[in-house]
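This report concerns only the one structure given below.
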Amino acid sequence: MSPRKVIIGQPVNKPTPPQAGISFARFLTISTMNGLVCACYQSATNPLGRARNSIVQEALKTDATHLCFVDSDMIIHPGALTGLLNRNVDVVSALYFTRTPPHTPVVFHDGTKPHEPWIGYKPGLSKVWVIGMGFALVRLDVFRRMSQKYGDEKWFTFDNDEGEDVNFCRRCHEMAIPVFLDANVKCGHVAEVVIGEEHFRWHQQGQSFAI
């Protein structure tokens, strides 16, 4: 198997919480020292979809094999990138939760509308309909193939009030590229506190959790 070379892509179009900045620096340092990360591209462009597109454009100029999006409000375990890489799939996200109550998983299991978060997610790797891009790994060849099919570089766009991640995943499904969630790799999401799985569980049990 050829060496895996990952580019980290981070949109930074909003203030970075201190906890997330420290976590990202630690994650990036350890991943680089372990020989996984070859570069980091950040973009302050607005809107978010345009920032992601500009990061993809820069990544495609390199000989990297993967692009890992890391949003600037995420708490990442240093081994998270290795966990996603070891799945050896084209598109995969870690498990994380919305910053606002009821703190549901940022993942949709099917394409029905209105989109409902998949609260019944299972441990391990699951094929899903839509993932969030807060911490997601994509083979760069997916973006190349997508440009060839659609004749553009609009990998991430907003359409019909849906997020840029929804439209990226829709194109993946149209191209028969499976999209996965790895619920064994979990990330925190910084609100006024770091939102994790326990906040989602509290709301499912009908209990409030002060933020």
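Note on naming: chains are A, B, ... as they come in the structure tokens, residues start from 1 per chain, ligands start from 1 in the order shown.
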query: Per DSSP on the backbone, what are the strand (DSSP E or B) residues of range 56-108 of chain A, as a list in words?
result: His66, Leu67, Cys68, Phe69, Val70, Met74, Ile75, Val91, Val92, Ser93, Ala94, Leu95, Phe97, Pro105, Val107 and Phe108 of chain A
Write to file, as a CSV table (one decimal), in the first residue's frame, the residues of the selection just made, with C-alpha atoms.
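The resulting part.csv:
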```csv
chain,number,residue,atom,x,y,z
A,66,HIS,CA,-6.2,12.5,1.7
A,67,LEU,CA,-7.8,15.8,3.0
A,68,CYS,CA,-8.9,15.9,6.6
A,69,PHE,CA,-11.3,18.8,7.5
A,70,VAL,CA,-11.0,20.0,11.0
A,74,MET,CA,-13.5,20.9,17.5
A,75,ILE,CA,-11.7,19.0,20.3
A,91,VAL,CA,-15.3,9.4,2.9
A,92,VAL,CA,-15.6,9.1,6.7
A,93,SER,CA,-16.5,11.3,9.6
A,94,ALA,CA,-15.9,11.1,13.3
A,95,LEU,CA,-18.9,11.2,15.7
A,97,PHE,CA,-22.7,16.5,18.3
A,105,PRO,CA,-25.3,13.6,16.3
A,107,VAL,CA,-25.1,12.7,10.9
A,108,PHE,CA,-28.2,11.8,8.8
```
Requested in this report: Skip Ala20 in chain A itself and residues of its chain fewer than 2 positions away, then list as an NGL selection string all residues within 8 Å of it, counting only C-alpha atoms.
Outcome: :A and (16-18 or 22-24 or 72-75 or 190)
- Which residue out of A:His189, A:His109, A:Leu81, A:Asn46 has the minimum interatomic distance to Thr157 in chain A when only C-alpha atoms are used?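 Smallest separation from Thr157 in chain A among the options: A:Asn46.
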Note to self: Which residues are near Arg4 in chain A? Cut-off 9 Å, only C-alpha atoms, ignore same chain within fewer than 5 positions. Put them as a list in words.
What the structure shows: Gly35, Leu36, Val37, Ala64, Thr65, His66 and Leu85 of chain A
- Show which residues sit within 10 Å of Val179 in chain A, as a PyMOL selection string. Count only C-alpha atoms, and ignore same-chain residues fewer than 2 positions away. chain A and resi 89-93+126-131+138+169-170+172-173+176-177+181
Keeping C-alpha atoms, export the residues of the selection given above as a PDB file, in the first residue's frame.
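Okay, this is what ended up in selection-v1.pdb:
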```pdb
ATOM      1  CA  VAL A  89     -12.735   4.169   2.896  1.00  0.00           C
ATOM      2  CA  ASP A  90     -13.231   7.174   0.622  1.00  0.00           C
ATOM      3  CA  VAL A  91     -15.337   9.399   2.893  1.00  0.00           C
ATOM      4  CA  VAL A  92     -15.650   9.065   6.672  1.00  0.00           C
ATOM      5  CA  SER A  93     -16.476  11.300   9.633  1.00  0.00           C
ATOM      6  CA  SER A 126     -21.779   2.635   9.502  1.00  0.00           C
ATOM      7  CA  LYS A 127     -22.822   3.642   6.007  1.00  0.00           C
ATOM      8  CA  VAL A 128     -24.876   6.847   6.266  1.00  0.00           C
ATOM      9  CA  TRP A 129     -26.503   9.494   4.078  1.00  0.00           C
ATOM     10  CA  VAL A 130     -24.858  12.708   5.294  1.00  0.00           C
ATOM     11  CA  ILE A 131     -21.932  13.467   7.587  1.00  0.00           C
ATOM     12  CA  VAL A 138     -11.826  12.329   2.265  1.00  0.00           C
ATOM     13  CA  CYS A 169     -22.666  13.948   0.320  1.00  0.00           C
ATOM     14  CA  ARG A 170     -25.500  14.063  -2.218  1.00  0.00           C
ATOM     15  CA  CYS A 172     -21.111  11.265  -3.441  1.00  0.00           C
ATOM     16  CA  HIS A 173     -24.288   9.188  -3.500  1.00  0.00           C
ATOM     17  CA  ALA A 176     -21.999   5.643  -5.864  1.00  0.00           C
ATOM     18  CA  ILE A 177     -19.303   6.706  -3.387  1.00  0.00           C
ATOM     19  CA  LEU A 181     -19.595   7.438  10.096  1.00  0.00           C
TER      20      LEU A 181
END
```
message: For a test of reading the model, state the distance in Å between CA of Thr62 in chain A and CA of Asn167 in chain A, rounded to one decimal.
response: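 Going from CA of Thr62 in chain A over to CA of Asn167 in chain A covers 24.7 Å.
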Students should find that CA of Val106 in chain A and CA of Gly124 in chain A are spaced 15.7 Å
Among A:Leu125, A:Met146, A:Val56, A:Leu137, Met175 in chain A is approached most closely, using only C-alpha atoms, by A:Met146
Review point. Which residue, A:Pro123, A:Pro15, A:Pro78, A:Gly9, has the smallest gap to Ala183 in chain A when you use only C-alpha atoms?
Key: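 Once distances to Ala183 in chain A are computed over only C-alpha atoms, the minimum belongs to A:Pro123.
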Go through A:Gln148, A:Thr112, A:Asn184, A:Thr104 and flag the residue nearest Gly196 in chain A, using only C-alpha atoms for the distances.
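Of the candidates, the smallest distance to Gly196 in chain A is held by A:Thr104.
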